[in-house]
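Data block for input30.cif (mmCIF, C-alpha atoms and all ligand atoms):
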```
data_final
loop_
_atom_site.group_PDB
_atom_site.id
_atom_site.type_symbol
_atom_site.label_atom_id
_atom_site.label_comp_id
_atom_site.auth_asym_id
_atom_site.auth_seq_id
_atom_site.Cartn_x
_atom_site.Cartn_y
_atom_site.Cartn_z
ATOM 1 C CA MET A 253 0.000 0.000 0.000
ATOM 2 C CA SER A 254 1.367 3.455 -0.893
ATOM 3 C CA PRO A 255 1.963 5.902 1.992
ATOM 4 C CA LEU A 256 -0.859 8.041 0.644
ATOM 5 C CA ALA A 257 -3.319 5.147 0.605
ATOM 6 C CA ARG A 258 -2.220 4.133 4.148
ATOM 7 C CA ARG A 259 -2.879 7.653 5.397
ATOM 8 C CA GLY A 260 -6.251 7.595 3.640
ATOM 9 C CA SER A 261 -7.337 4.391 5.366
ATOM 10 C CA THR A 262 -6.174 5.686 8.794
ATOM 11 C CA LEU A 263 -8.294 8.795 8.266
ATOM 12 C CA THR A 264 -11.256 6.636 7.276
ATOM 13 C CA ILE A 265 -10.902 4.579 10.479
ATOM 14 C CA ILE A 266 -10.714 7.766 12.621
ATOM 15 C CA LEU A 267 -13.776 9.152 10.849
ATOM 16 C CA VAL A 268 -15.757 5.938 11.376
ATOM 17 C CA VAL A 269 -14.820 5.898 15.090
ATOM 18 C CA LEU A 270 -15.824 9.559 15.496
ATOM 19 C CA VAL A 271 -19.160 8.985 13.760
ATOM 20 C CA ALA A 272 -19.768 5.899 15.925
ATOM 21 C CA VAL A 273 -18.950 7.804 19.149
ATOM 22 C CA GLY A 274 -21.191 10.687 18.007
ATOM 23 C CA ALA A 275 -24.029 8.282 17.226
ATOM 24 C CA ILE A 276 -23.729 6.622 20.652
ATOM 25 C CA ALA A 277 -23.658 10.038 22.398
ATOM 26 C CA LEU A 278 -26.729 11.123 20.427
ATOM 27 C CA TRP A 279 -28.508 7.886 21.233
ATOM 28 C CA ILE A 280 -27.801 8.321 24.975
ATOM 29 C CA ALA A 281 -28.879 11.992 24.839
ATOM 30 C CA VAL A 282 -32.142 11.214 23.034
ATOM 31 C CA ALA A 283 -32.880 8.332 25.412
ATOM 32 C CA ASN A 284 -32.221 10.336 28.588
ATOM 33 C CA GLY A 285 -32.911 13.975 27.635
ATOM 34 C CA PHE A 286 -31.145 16.827 29.399
ATOM 35 C CA SER A 287 -31.918 17.859 32.930
ATOM 36 C CA ALA A 288 -30.674 20.957 34.748
ATOM 37 C CA ARG A 289 -30.532 18.720 37.853
ATOM 38 C CA THR A 290 -27.562 16.718 36.612
ATOM 39 C CA PRO A 291 -24.267 18.211 37.838
ATOM 40 C CA PRO A 292 -22.153 19.594 34.970
ATOM 41 C CA THR A 293 -19.731 17.076 33.476
ATOM 42 C CA ALA A 294 -15.984 17.717 33.440
ATOM 43 C CA VAL A 295 -16.205 18.751 29.788
ATOM 44 C CA GLU A 296 -18.978 21.239 30.561
ATOM 45 C CA ARG A 297 -16.948 22.701 33.429
ATOM 46 C CA VAL A 298 -13.927 23.201 31.206
ATOM 47 C CA VAL A 299 -16.093 24.783 28.495
ATOM 48 C CA MET A 300 -17.646 27.177 31.038
ATOM 49 C CA GLN A 301 -14.230 28.218 32.359
ATOM 50 C CA ALA A 302 -13.219 29.042 28.801
ATOM 51 C CA VAL A 303 -16.481 30.977 28.279
ATOM 52 C CA HIS A 304 -15.762 33.000 31.461
ATOM 53 C CA TRP A 305 -12.263 33.754 30.344
ATOM 54 C CA LEU A 306 -13.282 34.696 26.823
ATOM 55 C CA SER A 307 -16.244 36.785 28.004
ATOM 56 C CA VAL A 308 -14.256 39.577 29.609
ATOM 57 C CA PRO A 309 -12.291 41.827 27.231
ATOM 58 C CA ARG A 310 -8.593 42.123 28.101
ATOM 59 C CA ALA A 311 -8.718 45.855 28.872
ATOM 60 C CA ALA A 312 -11.712 45.413 31.196
ATOM 61 C CA ARG A 313 -9.811 43.000 33.483
ATOM 62 C CA THR A 314 -7.465 45.682 34.750
ATOM 63 C CA ALA A 315 -10.079 48.402 35.276
ATOM 64 C CA THR A 316 -9.896 49.828 38.789
ATOM 65 C CA ASN A 317 -12.866 50.585 40.990
ATOM 66 C CA PRO A 318 -13.559 54.338 40.885
ATOM 67 C CA VAL A 319 -15.735 54.076 44.013
ATOM 68 C CA ALA A 320 -13.788 54.063 47.278
ATOM 69 C CA PHE A 321 -14.674 51.488 49.929
ATOM 70 C CA SER A 322 -16.567 53.018 52.848
ATOM 71 C CA PRO A 323 -19.069 51.776 55.432
ATOM 72 C CA ASP A 324 -21.889 53.514 53.570
ATOM 73 C CA VAL A 325 -20.920 52.072 50.198
ATOM 74 C CA TRP A 326 -20.629 48.622 51.735
ATOM 75 C CA ALA A 327 -24.029 48.860 53.449
ATOM 76 C CA GLU A 328 -25.621 50.137 50.243
ATOM 77 C CA SER A 329 -24.150 47.389 48.081
ATOM 78 C CA ARG A 330 -25.150 44.784 50.625
ATOM 79 C CA ALA A 331 -28.784 45.971 50.458
ATOM 80 C CA HIS A 332 -28.558 46.074 46.652
ATOM 81 C CA PHE A 333 -27.194 42.519 46.608
ATOM 82 C CA ALA A 334 -30.028 41.350 48.865
ATOM 83 C CA ASP A 335 -32.589 42.915 46.502
ATOM 84 C CA HIS A 336 -31.227 41.927 43.111
ATOM 85 C CA CYS A 337 -28.719 39.128 43.501
ATOM 86 C CA ALA A 338 -29.575 37.051 46.556
ATOM 87 C CA SER A 339 -32.470 35.263 44.822
ATOM 88 C CA CYS A 340 -29.835 33.251 42.950
ATOM 89 C CA HIS A 341 -26.620 33.892 44.885
ATOM 90 C CA ALA A 342 -28.014 33.891 48.492
ATOM 91 C CA ASN A 343 -27.090 36.657 50.924
ATOM 92 C CA ASP A 344 -23.906 34.847 51.904
ATOM 93 C CA GLY A 345 -22.874 34.323 48.264
ATOM 94 C CA SER A 346 -23.117 30.531 48.550
ATOM 95 C CA GLY A 347 -25.633 30.168 45.709
ATOM 96 C CA ASN A 348 -27.624 27.977 48.031
ATOM 97 C CA THR A 349 -31.139 29.049 47.037
ATOM 98 C CA GLU A 350 -33.838 27.211 45.144
ATOM 99 C CA LEU A 351 -33.133 29.305 42.037
ATOM 100 C CA GLY A 352 -29.355 29.128 42.378
ATOM 101 C CA ARG A 353 -29.372 25.345 42.784
ATOM 102 C CA GLY A 354 -31.831 24.847 39.924
ATOM 103 C CA LEU A 355 -29.882 26.785 37.330
ATOM 104 C CA PHE A 356 -27.482 25.160 34.889
ATOM 105 C CA PRO A 357 -24.745 26.059 35.337
ATOM 106 C CA ARG A 358 -25.483 26.567 39.068
ATOM 107 C CA ALA A 359 -25.024 29.912 40.762
ATOM 108 C CA PRO A 360 -21.434 29.480 41.977
ATOM 109 C CA ASP A 361 -20.280 29.629 45.577
ATOM 110 C CA MET A 362 -18.791 33.110 45.521
ATOM 111 C CA ARG A 363 -16.791 32.442 48.672
ATOM 112 C CA LEU A 364 -14.485 30.147 46.707
ATOM 113 C CA ALA A 365 -11.330 31.074 44.827
ATOM 114 C CA GLN A 366 -13.050 31.083 41.427
ATOM 115 C CA THR A 367 -14.861 34.298 42.402
ATOM 116 C CA GLN A 368 -12.537 35.652 45.076
ATOM 117 C CA ASP A 369 -9.576 35.583 42.679
ATOM 118 C CA LYS A 370 -11.332 37.598 39.990
ATOM 119 C CA THR A 371 -10.132 41.169 39.538
ATOM 120 C CA ASP A 372 -12.423 44.116 40.292
ATOM 121 C CA GLY A 373 -12.557 44.744 36.544
ATOM 122 C CA GLU A 374 -13.692 41.174 35.821
ATOM 123 C CA LEU A 375 -16.398 41.290 38.492
ATOM 124 C CA TYR A 376 -17.632 44.651 37.223
ATOM 125 C CA TRP A 377 -17.725 43.459 33.636
ATOM 126 C CA ILE A 378 -19.637 40.305 34.565
ATOM 127 C CA ILE A 379 -22.184 42.300 36.582
ATOM 128 C CA GLU A 380 -22.666 44.795 33.751
ATOM 129 C CA ASN A 381 -22.744 42.314 30.891
ATOM 130 C CA GLY A 382 -23.859 39.009 32.369
ATOM 131 C CA ILE A 383 -22.556 35.622 31.221
ATOM 132 C CA ARG A 384 -23.920 34.196 28.010
ATOM 133 C CA LEU A 385 -25.774 30.887 28.023
ATOM 134 C CA THR A 386 -26.152 31.033 31.807
ATOM 135 C CA GLY A 387 -28.699 32.444 34.249
ATOM 136 C CA MET A 388 -26.412 35.401 35.052
ATOM 137 C CA PRO A 389 -28.203 38.455 33.649
ATOM 138 C CA ALA A 390 -26.619 41.689 32.417
ATOM 139 C CA TRP A 391 -27.272 44.536 34.836
ATOM 140 C CA GLY A 392 -26.832 48.257 34.444
ATOM 141 C CA THR A 393 -26.130 49.920 31.140
ATOM 142 C CA GLY A 394 -23.105 47.971 29.934
ATOM 143 C CA GLY A 395 -20.893 51.062 30.084
ATOM 144 C CA GLY A 396 -17.770 51.515 32.193
ATOM 145 C CA ASN A 397 -19.155 53.979 34.727
ATOM 146 C CA ASP A 398 -22.094 52.372 36.403
ATOM 147 C CA VAL A 399 -21.587 53.464 39.995
ATOM 148 C CA ASP A 400 -24.072 50.942 41.423
ATOM 149 C CA SER A 401 -22.215 48.039 39.794
ATOM 150 C CA TRP A 402 -18.845 49.344 40.992
ATOM 151 C CA LYS A 403 -20.310 49.485 44.501
ATOM 152 C CA LEU A 404 -21.438 45.867 44.160
ATOM 153 C CA VAL A 405 -17.863 44.898 43.308
ATOM 154 C CA HIS A 406 -16.964 45.924 46.862
ATOM 155 C CA PHE A 407 -19.514 43.485 48.209
ATOM 156 C CA VAL A 408 -18.950 40.529 45.880
ATOM 157 C CA PRO A 409 -15.458 39.621 47.156
ATOM 158 C CA LEU A 410 -17.275 38.757 50.352
ATOM 159 C CA GLU A 411 -14.305 37.586 52.353
ATOM 160 C CA GLY A 412 -12.362 40.752 51.578
ATOM 161 C CA ALA A 413 -15.325 42.885 52.520
ATOM 162 C CA ASP A 414 -15.862 40.947 55.752
ATOM 163 C CA ALA A 415 -12.190 41.254 56.649
ATOM 164 C CA ARG A 416 -12.179 44.997 56.060
ATOM 165 C CA ALA A 417 -15.408 45.348 58.041
ATOM 166 C CA ALA A 418 -13.821 43.385 60.911
ATOM 167 C CA GLN A 419 -10.788 45.663 60.882
ATOM 168 C CA GLY A 420 -13.111 48.542 61.656
ATOM 169 C CA ASN A 421 -12.636 50.466 58.445
ATOM 170 C CA GLY A 422 -15.395 48.771 56.564
ATOM 171 C CA GLY A 423 -18.431 49.521 58.665
ATOM 172 C CA PRO A 424 -20.674 47.074 60.469
ATOM 173 C CA GLN A 425 -19.996 43.349 60.611
ATOM 174 C CA PRO A 426 -22.287 41.582 58.181
ATOM 175 C CA GLU A 427 -25.239 39.722 59.624
ATOM 176 C CA ILE A 428 -25.517 37.170 56.909
ATOM 177 C CA ALA A 429 -28.813 35.379 56.799
ATOM 178 C CA GLY A 430 -27.741 32.636 54.378
HETATM 179 C C1 LIG A 501 -31.271 34.652 37.938
HETATM 180 C C2 LIG A 501 -30.113 34.255 38.715
HETATM 181 C C3 LIG A 501 -29.029 35.248 38.987
HETATM 182 C C4 LIG A 501 -29.160 36.530 39.476
HETATM 183 C C5 LIG A 501 -30.422 37.242 39.893
HETATM 184 C C6 LIG A 501 -27.822 37.042 39.581
HETATM 185 N N1 LIG A 501 -26.916 36.112 39.171
HETATM 186 FE FE1 LIG A 501 -24.891 36.319 39.172
HETATM 187 N N2 LIG A 501 -24.694 34.453 38.374
HETATM 188 C C7 LIG A 501 -25.723 33.575 38.141
HETATM 189 C C8 LIG A 501 -25.178 32.331 37.618
HETATM 190 C C9 LIG A 501 -25.956 31.107 37.231
HETATM 191 C C10 LIG A 501 -23.789 32.508 37.555
HETATM 192 C C11 LIG A 501 -22.762 31.496 37.077
HETATM 193 C C12 LIG A 501 -22.686 31.478 35.589
HETATM 194 C C13 LIG A 501 -21.558 30.580 35.121
HETATM 195 O O1 LIG A 501 -21.376 29.488 35.628
HETATM 196 O O2 LIG A 501 -20.854 30.993 34.224
HETATM 197 C C14 LIG A 501 -23.524 33.849 38.041
HETATM 198 C C15 LIG A 501 -22.252 34.376 38.130
HETATM 199 C C16 LIG A 501 -21.968 35.602 38.714
HETATM 200 C C17 LIG A 501 -20.640 36.118 38.890
HETATM 201 C C18 LIG A 501 -19.350 35.417 38.465
HETATM 202 C C19 LIG A 501 -18.897 34.541 39.584
HETATM 203 C C20 LIG A 501 -17.764 33.638 39.185
HETATM 204 O O3 LIG A 501 -17.026 33.177 40.043
HETATM 205 O O4 LIG A 501 -17.602 33.352 38.023
HETATM 206 C C21 LIG A 501 -20.756 37.318 39.529
HETATM 207 C C22 LIG A 501 -19.638 38.247 39.955
HETATM 208 C C23 LIG A 501 -22.177 37.556 39.733
HETATM 209 N N3 LIG A 501 -22.872 36.490 39.223
HETATM 210 C C24 LIG A 501 -22.682 38.670 40.366
HETATM 211 C C25 LIG A 501 -24.048 38.920 40.471
HETATM 212 C C26 LIG A 501 -24.584 40.138 41.043
HETATM 213 C C27 LIG A 501 -23.755 41.249 41.669
HETATM 214 C C28 LIG A 501 -25.932 40.057 40.910
HETATM 215 C C29 LIG A 501 -26.954 41.099 41.289
HETATM 216 C C30 LIG A 501 -26.823 42.415 40.722
HETATM 217 C C31 LIG A 501 -26.237 38.771 40.296
HETATM 218 N N4 LIG A 501 -25.062 38.117 40.039
HETATM 219 C C32 LIG A 501 -27.514 38.304 40.041
HETATM 220 C C33 LIG A 501 -27.065 33.807 38.361
HETATM 221 C C34 LIG A 501 -27.619 34.997 38.807
#
```

Using structure tokens, write down the structure that the file contains.
Ligand code: HEC
Amino acid sequence: MSPLARRGSTLTIILVVLVAVGAIALWIAVANGFSARTPPTAVERVVMQAVHWLSVPRAARTATNPVAFSPDVWAESRAHFADHCASCHANDGSGNTELGRGLFPRAPDMRLAQTQDKTDGELYWIIENGIRLTGMPAWGTGGGNDVDSWKLVHFVPLEGADARAAQGNGGPQPEIAG
């Protein structure tokens, strides 16, 4: 067999295997349907991480918060969070609400590194623009100067906010209802 023909038959075998795997996956999907109850698979988690990363424009990541942290700002953003965000994210950011648990992907536990490690610019951009193909809506106007969203950024990194509140320069200790 010529090298060209050998390569051709290898490609054919790969193609047949791919079609067979696709057909089996389709058969399983059609038989079982899709439920938002099923935890995301590893592949879905990786895809969502990529979506997060791709969502935020490079320049937006490094944007700094024009609103200074103060007890009043913190109290205001906490009330705002309770009104608009806690239905999915819960007051303590755990995502442990009926809505948050029922979404796919789930409302994340914001106390974990995935959220805590995001820059102010990333958090702001996500709040303003939402995350496509998820339950996270776009809030505000989508511009760079939405003061209410910048205030929320102070509240979202909950551990940071709690720590600053505990040090006495961040206002009252949070009474988180969960
Ligand atoms: C209807 C439900 C819902 C509401 C209301 C909601 N969110 Fe979300 N939010 C989500 C979901 C679901 C995700 C996760 C999406 C994903 O996995 O990509 C998310 C993700 C986020 C993230 C990214 C967290 C991370 O680690 O990736 C931030 C920040 C955020 N939301 C802030 C807010 C704020 C602030 C509000 C209120 C102004 C709010 N959300 C209101 C459902 C909601």

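CA of Arg289 in chain A is positioned 14.3 Å from CA of Gly387 in chain A.
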
Please write as a list of chain:residue names the list of polymer residues whose atoms come within 8 Å of (-23.7, 32.6, 40.4), counting all atoms listed in the file and keeping to the coordinates of the file. A:Cys340, A:His341, A:Gly347, A:Gly352, A:Arg358, A:Ala359, A:Pro360, A:Asp361, A:Met362, A:Gly387, A:Met388

Within 7 Å of ligand LIG 501 (chain A), which residues of chain A come that close, and what is the closest atom pair and distance in Å for each? Count all atoms listed in the file and give it as CSV.
```
residue,atom,partner,partner_atom,distance
A:Met300,CA,A:LIG501,O2,5.9
A:His304,CA,A:LIG501,O2,6.1
A:Phe333,CA,A:LIG501,C29,5.5
A:His336,CA,A:LIG501,C29,4.7
A:Cys337,CA,A:LIG501,C29,3.4
A:Ala338,CA,A:LIG501,C5,6.7
A:Ser339,CA,A:LIG501,C5,5.7
A:Cys340,CA,A:LIG501,C2,4.4
A:His341,CA,A:LIG501,N1,6.1
A:Leu351,CA,A:LIG501,C2,6.7
A:Gly352,CA,A:LIG501,C2,6.3
A:Leu355,CA,A:LIG501,C9,5.8
A:Phe356,CA,A:LIG501,C9,6.6
A:Pro357,CA,A:LIG501,O1,4.8
A:Arg358,CA,A:LIG501,C9,4.9
A:Ala359,CA,A:LIG501,C9,3.8
A:Pro360,CA,A:LIG501,C11,5.5
A:Met362,CA,A:LIG501,O3,5.8
A:Gln366,CA,A:LIG501,O3,4.7
A:Thr367,CA,A:LIG501,O3,3.4
A:Leu375,CA,A:LIG501,C22,4.7
A:Ile378,CA,A:LIG501,C22,5.8
A:Ile379,CA,A:LIG501,C24,5.3
A:Ile383,CA,A:LIG501,O2,5.8
A:Thr386,CA,A:LIG501,C12,5.1
A:Gly387,CA,A:LIG501,C9,4.3
A:Met388,CA,A:LIG501,C7,3.7
A:Pro389,CA,A:LIG501,C6,6.1
A:Trp391,CA,A:LIG501,C30,6.3
A:Leu404,CA,A:LIG501,C27,5.7
A:Val408,CA,A:LIG501,C22,6.4
```

Per residue of range 254-355 of chain A within 12 Å of range 394-401 of chain A, record the nearest atom pair and its distance in Å to one decimal, counting only C-alpha atoms, with rows in chain order and ascending residue number, as CSV.
```
residue,atom,partner,partner_atom,distance
A:Ala311,CA,A:Gly396,CA,11.2
A:Ala312,CA,A:Gly396,CA,8.7
A:Arg313,CA,A:Gly396,CA,11.7
A:Ala315,CA,A:Gly396,CA,8.9
A:Thr316,CA,A:Gly396,CA,10.4
A:Asn317,CA,A:Val399,CA,9.2
A:Pro318,CA,A:Val399,CA,8.1
A:Val319,CA,A:Val399,CA,7.1
A:Ala320,CA,A:Val399,CA,10.7
A:Val325,CA,A:Asp400,CA,9.4
A:Trp326,CA,A:Asp400,CA,11.1
A:Glu328,CA,A:Asp400,CA,9.0
A:Ser329,CA,A:Asp400,CA,7.5
A:Arg330,CA,A:Asp400,CA,11.1
A:Ala331,CA,A:Asp400,CA,11.3
A:His332,CA,A:Asp400,CA,8.4
A:Phe333,CA,A:Ser401,CA,10.1
A:His336,CA,A:Ser401,CA,11.4
A:Cys337,CA,A:Ser401,CA,11.6
```

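Rounded to one decimal, CA of Gly392 in chain A and CA of Glu380 in chain A lie 5.5 Å from each other.
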
Given 3 Å of margin on each side, can you work out the centre and size in Å (one decimal) of an axis-aligned box holding every listed atom of range 322-335 of chain A, as JSON?
```
{"center_x": -24.6, "center_y": 47.4, "center_z": 51.0, "size_x": 22.0, "size_y": 18.2, "size_z": 14.9}
```

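Interatomic distance, CA of Met253 in chain A against CA of Ile266 in chain A: 18.3 Å.
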
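Among the candidate residues A:Ala390, A:Tyr376, A:Ala327, A:Asn381, the one lying nearest to Trp402 in chain A is A:Tyr376, with distances computed using only C-alpha atoms.
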
Could range 267-299 of chain A be completed with N, CA and C atoms and returned as a short mmCIF file (atom, residue, chain, number, x, y, z; two decimals), in the coordinates of the input?
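Writing done, so here's rebuild_17.cif:
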```
data_model
loop_
_atom_site.label_atom_id
_atom_site.label_comp_id
_atom_site.auth_asym_id
_atom_site.auth_seq_id
_atom_site.Cartn_x
_atom_site.Cartn_y
_atom_site.Cartn_z
N LEU A 267 -12.46 8.58 11.16
CA LEU A 267 -13.78 9.15 10.85
C LEU A 267 -14.89 8.21 11.30
N VAL A 268 -14.73 6.92 11.00
CA VAL A 268 -15.76 5.94 11.38
C VAL A 268 -15.92 5.90 12.90
N VAL A 269 -14.76 5.93 13.62
CA VAL A 269 -14.82 5.90 15.09
C VAL A 269 -15.54 7.14 15.61
N LEU A 270 -15.18 8.32 15.04
CA LEU A 270 -15.82 9.56 15.50
C LEU A 270 -17.33 9.53 15.26
N VAL A 271 -17.73 9.06 14.07
CA VAL A 271 -19.16 8.98 13.76
C VAL A 271 -19.85 8.02 14.73
N ALA A 272 -19.18 6.89 15.01
CA ALA A 272 -19.77 5.90 15.92
C ALA A 272 -19.92 6.50 17.32
N VAL A 273 -18.87 7.18 17.81
CA VAL A 273 -18.95 7.80 19.15
C VAL A 273 -20.07 8.85 19.17
N GLY A 274 -20.14 9.67 18.10
CA GLY A 274 -21.19 10.69 18.01
C GLY A 274 -22.57 10.05 18.03
N ALA A 275 -22.72 8.95 17.29
CA ALA A 275 -24.03 8.28 17.23
C ALA A 275 -24.42 7.73 18.60
N ILE A 276 -23.44 7.17 19.31
CA ILE A 276 -23.73 6.62 20.65
C ILE A 276 -24.12 7.76 21.59
N ALA A 277 -23.35 8.89 21.54
CA ALA A 277 -23.66 10.04 22.40
C ALA A 277 -25.06 10.56 22.10
N LEU A 278 -25.40 10.64 20.82
CA LEU A 278 -26.73 11.12 20.43
C LEU A 278 -27.81 10.17 20.93
N TRP A 279 -27.53 8.89 20.80
CA TRP A 279 -28.51 7.89 21.23
C TRP A 279 -28.76 8.02 22.75
N ILE A 280 -27.67 8.17 23.51
CA ILE A 280 -27.80 8.32 24.98
C ILE A 280 -28.57 9.61 25.29
N ALA A 281 -28.23 10.70 24.57
CA ALA A 281 -28.88 11.99 24.84
C ALA A 281 -30.38 11.90 24.56
N VAL A 282 -30.73 11.30 23.41
CA VAL A 282 -32.14 11.21 23.03
C VAL A 282 -32.89 10.32 24.03
N ALA A 283 -32.23 9.26 24.48
CA ALA A 283 -32.88 8.33 25.41
C ALA A 283 -33.11 8.99 26.77
N ASN A 284 -32.14 9.80 27.22
CA ASN A 284 -32.22 10.34 28.59
C ASN A 284 -32.68 11.78 28.68
N GLY A 285 -32.60 12.55 27.58
CA GLY A 285 -32.91 13.98 27.64
C GLY A 285 -31.84 14.72 28.42
N PHE A 286 -32.10 16.02 28.63
CA PHE A 286 -31.14 16.83 29.40
C PHE A 286 -31.88 17.41 30.59
N SER A 287 -31.30 17.27 31.74
CA SER A 287 -31.92 17.86 32.93
C SER A 287 -30.96 18.86 33.55
N ALA A 288 -31.51 19.97 34.05
CA ALA A 288 -30.67 20.96 34.75
C ALA A 288 -30.26 20.42 36.12
N ARG A 289 -30.88 19.29 36.54
CA ARG A 289 -30.53 18.72 37.85
C ARG A 289 -29.17 18.03 37.86
N THR A 290 -28.82 17.47 36.68
CA THR A 290 -27.56 16.72 36.61
C THR A 290 -26.40 17.67 36.83
N PRO A 291 -25.44 17.34 37.69
CA PRO A 291 -24.27 18.21 37.84
C PRO A 291 -23.51 18.29 36.52
N PRO A 292 -22.90 19.46 36.23
CA PRO A 292 -22.15 19.59 34.97
C PRO A 292 -21.04 18.55 34.88
N THR A 293 -20.83 18.03 33.68
CA THR A 293 -19.73 17.08 33.48
C THR A 293 -18.41 17.84 33.43
N ALA A 294 -17.31 17.09 33.48
CA ALA A 294 -15.98 17.72 33.44
C ALA A 294 -15.83 18.56 32.18
N VAL A 295 -16.32 18.02 31.06
CA VAL A 295 -16.20 18.75 29.79
C VAL A 295 -16.96 20.07 29.88
N GLU A 296 -18.18 20.01 30.45
CA GLU A 296 -18.98 21.24 30.56
C GLU A 296 -18.29 22.27 31.47
N ARG A 297 -17.64 21.77 32.51
CA ARG A 297 -16.95 22.70 33.43
C ARG A 297 -15.79 23.41 32.72
N VAL A 298 -15.05 22.61 31.94
CA VAL A 298 -13.93 23.20 31.21
C VAL A 298 -14.44 24.23 30.20
N VAL A 299 -15.53 23.86 29.49
CA VAL A 299 -16.09 24.78 28.50
C VAL A 299 -16.52 26.08 29.18
#
```
